[in-house]
Amino acid sequence: EVTFSHVGFTYDRGTPAETKVLEDVNFVVKPGETIALVGPTGAGKTTIAENLKARYVTAFRKIDHYHSRVRVLKDISQLKKDATPIDASNPHGKKQKAGKFTSVAKFGYYFLDFLIGNVKIAIAKIKSTLVLVERYYYDYSIDKVRYNLNLSDKFLLFFEHFVLKPDVIFILTGDSKKLLDRKHEITIDEIDEQKRKLNERFINNPKAVFIDTTEGTVDECVNKMLKECNAIMRNR
């Protein structure tokens with residue numbers, strides 16, 4: 001971060017038109033930061049993201065909020081002129097499982113969007129922007145059914161190496177029954193499976209922080225997350 005102390009500025013100094021614009025101003029410009037919010041359906045990713053944005057509104061020059069990808073490229077289903085809006089109310093209700101070829105082609109299209117997104121995120125961070133991303137690339141291996149991807153974990157993990165890594169990854173989790181009560185998009189068995197994958201995938205990741213969003217209020221969860229973010233930024 002860059003600290004400015006006792007900053008002053010005056011127009012036309014020493015003339016009758018002298019105008020003092022700044023006097024003894026102190027402020028801090030924080031470097032950009034990327035935060036990924038990952039978790040099963042019902043964990044409160046969007047709610048947490050909106051609260052983080054409100055708390056960080058004065059800490060960064062700008063805040064960018066994305067869902068899954070930066071989305072420079074449209075969703076494949078939206079490329080047609082007469083495309084209907086995406087219905088996210090039943091993410092596991094795909095009528096037909098995609099084949100290998102279709103999955104690879106679809107993945108290639110979206111992976112290109114991630115690569116373009118890498119550039120946009122990197123530039124945003126240089127400009128002291130907070131980048132919040134819900135789900136992010138990790139969700140492709142945690143919830144393949146949502147994206148209808150018939151691809152192996154090894155395949156997805158290999159390409160993950162080329163995706164920009166967040167500064168901190170918050171794993172939002174909690175009691176499965178409480179998560180189900182919030183949203184009925186998927187079954188409790190599917191929630192348990194996603195939690196198992198998240199634990200297996202991130203338990204030893206030094207950038208990952210597990211937050212139980214079913215215990216305590218939203219504000220309490222956000223306060224814990226702010227402390228973690230600030231600690232990470234101080235140690236960079």
# chains A, B, ... in the order shown; residues from 1 in each chain; ligands from 1
>>> select_by_dssp(residues="segment 5-219 of chain A", states="strand (DSSP E)", output="count of residues only")
47
>>> atom_distance(atom1="atom CA of Lys62 of chain A", atom2="atom CA of Phe114 of chain A")
20.7 Å
>>> closest_atom_pairs(of="segment 146-183 of chain A", to="segment 132-142 of chain A", cutoff="10 Å", atoms="only C-alpha atoms", output="JSON lines")
{"residue": "A:Arg146", "atom": "CA", "partner": "A:Tyr140", "partner_atom": "CA", "distance": 8.2}
{"residue": "A:Tyr147", "atom": "CA", "partner": "A:Tyr140", "partner_atom": "CA", "distance": 6.9}
{"residue": "A:Asn148", "atom": "CA", "partner": "A:Tyr140", "partner_atom": "CA", "distance": 9.2}
{"residue": "A:Leu149", "atom": "CA", "partner": "A:Tyr140", "partner_atom": "CA", "distance": 7.8}
{"residue": "A:Leu151", "atom": "CA", "partner": "A:Ser141", "partner_atom": "CA", "distance": 8.6}
{"residue": "A:Ser152", "atom": "CA", "partner": "A:Ser141", "partner_atom": "CA", "distance": 8.3}
{"residue": "A:Asp153", "atom": "CA", "partner": "A:Ser141", "partner_atom": "CA", "distance": 6.2}
{"residue": "A:Lys154", "atom": "CA", "partner": "A:Ser141", "partner_atom": "CA", "distance": 9.4}
{"residue": "A:Phe155", "atom": "CA", "partner": "A:Ser141", "partner_atom": "CA", "distance": 9.5}
{"residue": "A:Leu156", "atom": "CA", "partner": "A:Ser141", "partner_atom": "CA", "distance": 6.6}
{"residue": "A:Leu157", "atom": "CA", "partner": "A:Ser141", "partner_atom": "CA", "distance": 8.0}
{"residue": "A:Phe159", "atom": "CA", "partner": "A:Tyr137", "partner_atom": "CA", "distance": 9.7}
{"residue": "A:Glu160", "atom": "CA", "partner": "A:Tyr137", "partner_atom": "CA", "distance": 7.4}
{"residue": "A:Val163", "atom": "CA", "partner": "A:Tyr137", "partner_atom": "CA", "distance": 7.7}
{"residue": "A:Leu164", "atom": "CA", "partner": "A:Tyr137", "partner_atom": "CA", "distance": 9.5}
{"residue": "A:Lys165", "atom": "CA", "partner": "A:Tyr137", "partner_atom": "CA", "distance": 9.7}
{"residue": "A:Pro166", "atom": "CA", "partner": "A:Val133", "partner_atom": "CA", "distance": 9.0}
{"residue": "A:Ile169", "atom": "CA", "partner": "A:Val133", "partner_atom": "CA", "distance": 9.6}
{"residue": "A:Phe170", "atom": "CA", "partner": "A:Glu134", "partner_atom": "CA", "distance": 9.8}
{"residue": "A:Ile171", "atom": "CA", "partner": "A:Arg135", "partner_atom": "CA", "distance": 9.6}
>>> write_last_selection(atoms="N, CA and C atoms", output="mmCIF file, in the first residue's frame")
data_model
loop_
_atom_site.group_PDB
_atom_site.id
_atom_site.type_symbol
_atom_site.label_atom_id
_atom_site.label_comp_id
_atom_site.auth_asym_id
_atom_site.auth_seq_id
_atom_site.Cartn_x
_atom_site.Cartn_y
_atom_site.Cartn_z
ATOM 1 N N ARG A 146 -23.608 -28.493 -12.665
ATOM 2 C CA ARG A 146 -24.107 -27.147 -12.939
ATOM 3 C C ARG A 146 -23.705 -26.686 -14.336
ATOM 4 N N TYR A 147 -22.477 -27.015 -14.739
ATOM 5 C CA TYR A 147 -21.953 -26.561 -16.029
ATOM 6 C C TYR A 147 -22.060 -27.632 -17.111
ATOM 7 N N ASN A 148 -22.607 -28.780 -16.724
ATOM 8 C CA ASN A 148 -22.780 -29.901 -17.656
ATOM 9 C C ASN A 148 -21.462 -30.240 -18.350
ATOM 10 N N LEU A 149 -20.426 -30.430 -17.534
ATOM 11 C CA LEU A 149 -19.104 -30.763 -18.055
ATOM 12 C C LEU A 149 -18.761 -32.214 -17.722
ATOM 13 N N LEU A 151 -15.952 -33.979 -17.734
ATOM 14 C CA LEU A 151 -14.497 -33.910 -17.786
ATOM 15 C C LEU A 151 -13.909 -34.418 -16.470
ATOM 16 N N SER A 152 -12.719 -34.985 -16.546
ATOM 17 C CA SER A 152 -12.090 -35.543 -15.344
ATOM 18 C C SER A 152 -11.513 -34.428 -14.459
ATOM 19 N N ASP A 153 -11.325 -34.734 -13.189
ATOM 20 C CA ASP A 153 -10.709 -33.781 -12.264
ATOM 21 C C ASP A 153 -9.285 -33.457 -12.693
ATOM 22 N N LYS A 154 -8.550 -34.453 -13.180
ATOM 23 C CA LYS A 154 -7.165 -34.229 -13.615
ATOM 24 C C LYS A 154 -7.113 -33.215 -14.757
ATOM 25 N N PHE A 155 -8.052 -33.334 -15.685
ATOM 26 C CA PHE A 155 -8.126 -32.409 -16.819
ATOM 27 C C PHE A 155 -8.338 -30.978 -16.315
ATOM 28 N N LEU A 156 -9.302 -30.804 -15.428
ATOM 29 C CA LEU A 156 -9.633 -29.473 -14.916
ATOM 30 C C LEU A 156 -8.508 -28.911 -14.051
ATOM 31 N N LEU A 157 -7.866 -29.758 -13.250
ATOM 32 C CA LEU A 157 -6.768 -29.299 -12.396
ATOM 33 C C LEU A 157 -5.550 -28.877 -13.218
ATOM 34 N N PHE A 159 -5.537 -27.430 -16.225
ATOM 35 C CA PHE A 159 -5.756 -26.103 -16.795
ATOM 36 C C PHE A 159 -5.884 -25.020 -15.720
ATOM 37 N N GLU A 160 -6.129 -25.446 -14.487
ATOM 38 C CA GLU A 160 -6.196 -24.471 -13.394
ATOM 39 C C GLU A 160 -4.864 -23.744 -13.212
ATOM 40 N N VAL A 163 -4.799 -20.291 -14.731
ATOM 41 C CA VAL A 163 -5.781 -19.303 -14.281
ATOM 42 C C VAL A 163 -5.187 -18.496 -13.131
ATOM 43 N N LEU A 164 -5.379 -17.184 -13.169
ATOM 44 C CA LEU A 164 -4.844 -16.296 -12.145
ATOM 45 C C LEU A 164 -5.353 -16.687 -10.768
ATOM 46 N N LYS A 165 -4.433 -16.816 -9.815
ATOM 47 C CA LYS A 165 -4.806 -17.252 -8.463
ATOM 48 C C LYS A 165 -5.246 -16.048 -7.622
ATOM 49 N N PRO A 166 -6.355 -16.177 -6.899
ATOM 50 C CA PRO A 166 -6.805 -15.096 -6.001
ATOM 51 C C PRO A 166 -5.827 -14.902 -4.852
ATOM 52 N N ILE A 169 -8.953 -17.108 -0.817
ATOM 53 C CA ILE A 169 -10.111 -17.901 -1.243
ATOM 54 C C ILE A 169 -10.948 -18.201 -0.009
ATOM 55 N N PHE A 170 -12.124 -17.626 0.069
ATOM 56 C CA PHE A 170 -13.006 -17.901 1.193
ATOM 57 C C PHE A 170 -13.919 -19.070 0.833
ATOM 58 N N ILE A 171 -13.835 -20.129 1.627
ATOM 59 C CA ILE A 171 -14.694 -21.291 1.437
ATOM 60 C C ILE A 171 -15.883 -21.127 2.376
#
>>> atom_distance(atom1="atom CA of Leu79 of chain A", atom2="atom CA of Gly93 of chain A")
21.0 Å
>>> closest_residue(among="A:Ser68, A:Leu112, A:Asp219, A:Gly117", to="Gly39 of chain A", atoms="only C-alpha atoms")
A:Ser68
>>> select_by_dssp(residues="segment 14-230 of chain A", states="helix (DSSP H, G or I)", output="count of residues only")
93
>>> atom_distance(atom1="atom CA of Ile76 of chain A", atom2="atom CA of Glu185 of chain A")
22.0 Å
>>> residues_around(residues="segment 225-230 of chain A", least_positions_apart="6", cutoff="12 Å", atoms="only C-alpha atoms", output="MDAnalysis selection string")
chainID A and resid 1 30:37 48:49 51:56 59 130 166:172 206:213 218:219 236
>>> closest_residue(among="A:Lys195, A:Lys127, A:Arg234, A:Lys106", to="Ser77 of chain A", atoms="only C-alpha atoms")
A:Lys106
>>> closest_residue(among="A:Gly42, A:Val131, A:Phe111, A:Thr214", to="His67 of chain A", atoms="only C-alpha atoms")
A:Val131
>>> closest_residue(among="A:Lys224, A:Lys80, A:Arg69, A:Lys178", to="Asp113 of chain A", atoms="only C-alpha atoms")
A:Arg69
>>> decode(residues="segment 67-91 of chain A", atoms="N, CA and C atoms", output="PDB file, in the first residue's frame")
ATOM      1  N   HIS A  67     -19.338 -13.032 -11.450  1.00  0.00           N
ATOM      2  CA  HIS A  67     -19.909 -14.323 -11.101  1.00  0.00           C
ATOM      3  C   HIS A  67     -19.281 -15.387 -11.996  1.00  0.00           C
ATOM      4  N   SER A  68     -18.485 -16.242 -11.404  1.00  0.00           N
ATOM      5  CA  SER A  68     -17.798 -17.330 -12.091  1.00  0.00           C
ATOM      6  C   SER A  68     -16.645 -16.835 -12.961  1.00  0.00           C
ATOM      7  N   ARG A  69     -16.972 -16.058 -14.022  1.00  0.00           N
ATOM      8  CA  ARG A  69     -15.945 -15.551 -14.926  1.00  0.00           C
ATOM      9  C   ARG A  69     -16.111 -14.048 -15.074  1.00  0.00           C
ATOM     10  N   VAL A  70     -15.084 -13.413 -15.671  1.00  0.00           N
ATOM     11  CA  VAL A  70     -15.193 -11.986 -15.983  1.00  0.00           C
ATOM     12  C   VAL A  70     -16.251 -11.767 -17.060  1.00  0.00           C
ATOM     13  N   ARG A  71     -16.464 -12.780 -17.886  1.00  0.00           N
ATOM     14  CA  ARG A  71     -17.523 -12.779 -18.905  1.00  0.00           C
ATOM     15  C   ARG A  71     -17.322 -11.719 -19.989  1.00  0.00           C
ATOM     16  N   VAL A  72     -16.105 -11.694 -20.517  1.00  0.00           N
ATOM     17  CA  VAL A  72     -15.880 -10.917 -21.733  1.00  0.00           C
ATOM     18  C   VAL A  72     -16.642 -11.586 -22.870  1.00  0.00           C
ATOM     19  N   LEU A  73     -16.653 -12.925 -22.842  1.00  0.00           N
ATOM     20  CA  LEU A  73     -17.406 -13.715 -23.814  1.00  0.00           C
ATOM     21  C   LEU A  73     -18.760 -14.085 -23.210  1.00  0.00           C
ATOM     22  N   LYS A  74     -19.774 -14.079 -24.028  1.00  0.00           N
ATOM     23  CA  LYS A  74     -21.114 -14.439 -23.562  1.00  0.00           C
ATOM     24  C   LYS A  74     -21.192 -15.928 -23.262  1.00  0.00           C
ATOM     25  N   ASP A  75     -22.174 -16.315 -22.447  1.00  0.00           N
ATOM     26  CA  ASP A  75     -22.462 -17.731 -22.273  1.00  0.00           C
ATOM     27  C   ASP A  75     -22.861 -18.314 -23.615  1.00  0.00           C
ATOM     28  N   ILE A  76     -22.457 -19.542 -23.866  1.00  0.00           N
ATOM     29  CA  ILE A  76     -22.747 -20.179 -25.154  1.00  0.00           C
ATOM     30  C   ILE A  76     -24.240 -20.169 -25.451  1.00  0.00           C
ATOM     31  N   SER A  77     -25.041 -20.397 -24.430  1.00  0.00           N
ATOM     32  CA  SER A  77     -26.497 -20.445 -24.635  1.00  0.00           C
ATOM     33  C   SER A  77     -27.084 -19.097 -25.024  1.00  0.00           C
ATOM     34  N   GLN A  78     -26.305 -18.018 -24.851  1.00  0.00           N
ATOM     35  CA  GLN A  78     -26.802 -16.678 -25.145  1.00  0.00           C
ATOM     36  C   GLN A  78     -26.279 -16.124 -26.477  1.00  0.00           C
ATOM     37  N   LEU A  79     -25.603 -16.970 -27.247  1.00  0.00           N
ATOM     38  CA  LEU A  79     -25.047 -16.505 -28.516  1.00  0.00           C
ATOM     39  C   LEU A  79     -26.104 -16.369 -29.611  1.00  0.00           C
ATOM     40  N   LYS A  80     -27.182 -17.118 -29.488  1.00  0.00           N
ATOM     41  CA  LYS A  80     -28.260 -17.025 -30.482  1.00  0.00           C
ATOM     42  C   LYS A  80     -29.032 -15.730 -30.314  1.00  0.00           C
ATOM     43  N   LYS A  81     -29.533 -15.195 -31.406  1.00  0.00           N
ATOM     44  CA  LYS A  81     -30.283 -13.936 -31.366  1.00  0.00           C
ATOM     45  C   LYS A  81     -31.556 -14.060 -30.543  1.00  0.00           C
ATOM     46  N   ASP A  82     -32.211 -15.210 -30.617  1.00  0.00           N
ATOM     47  CA  ASP A  82     -33.489 -15.399 -29.919  1.00  0.00           C
ATOM     48  C   ASP A  82     -33.309 -16.160 -28.602  1.00  0.00           C
ATOM     49  N   ALA A  83     -32.113 -16.082 -28.029  1.00  0.00           N
ATOM     50  CA  ALA A  83     -31.830 -16.821 -26.795  1.00  0.00           C
ATOM     51  C   ALA A  83     -32.678 -16.313 -25.639  1.00  0.00           C
ATOM     52  N   THR A  84     -33.169 -17.239 -24.821  1.00  0.00           N
ATOM     53  CA  THR A  84     -33.938 -16.874 -23.636  1.00  0.00           C
ATOM     54  C   THR A  84     -32.985 -16.715 -22.455  1.00  0.00           C
ATOM     55  N   PRO A  85     -33.343 -15.881 -21.478  1.00  0.00           N
ATOM     56  CA  PRO A  85     -32.472 -15.687 -20.313  1.00  0.00           C
ATOM     57  C   PRO A  85     -32.180 -17.004 -19.606  1.00  0.00           C
ATOM     58  N   ILE A  86     -30.990 -17.096 -19.022  1.00  0.00           N
ATOM     59  CA  ILE A  86     -30.584 -18.317 -18.327  1.00  0.00           C
ATOM     60  C   ILE A  86     -31.412 -18.499 -17.059  1.00  0.00           C
ATOM     61  N   ASP A  87     -31.949 -19.698 -16.868  1.00  0.00           N
ATOM     62  CA  ASP A  87     -32.717 -20.025 -15.668  1.00  0.00           C
ATOM     63  C   ASP A  87     -31.795 -20.735 -14.685  1.00  0.00           C
ATOM     64  N   ALA A  88     -31.416 -20.025 -13.618  1.00  0.00           N
ATOM     65  CA  ALA A  88     -30.481 -20.590 -12.636  1.00  0.00           C
ATOM     66  C   ALA A  88     -31.195 -21.238 -11.450  1.00  0.00           C
ATOM     67  N   SER A  89     -32.524 -21.346 -11.526  1.00  0.00           N
ATOM     68  CA  SER A  89     -33.282 -21.878 -10.397  1.00  0.00           C
ATOM     69  C   SER A  89     -33.144 -23.396 -10.263  1.00  0.00           C
ATOM     70  N   ASN A  90     -32.724 -24.067 -11.344  1.00  0.00           N
ATOM     71  CA  ASN A  90     -32.572 -25.520 -11.300  1.00  0.00           C
ATOM     72  C   ASN A  90     -31.268 -25.917 -11.991  1.00  0.00           C
ATOM     73  N   PRO A  91     -30.125 -25.580 -11.363  1.00  0.00           N
ATOM     74  CA  PRO A  91     -28.822 -25.779 -12.009  1.00  0.00           C
ATOM     75  C   PRO A  91     -28.477 -27.231 -12.297  1.00  0.00           C
TER      76      PRO A  91
END
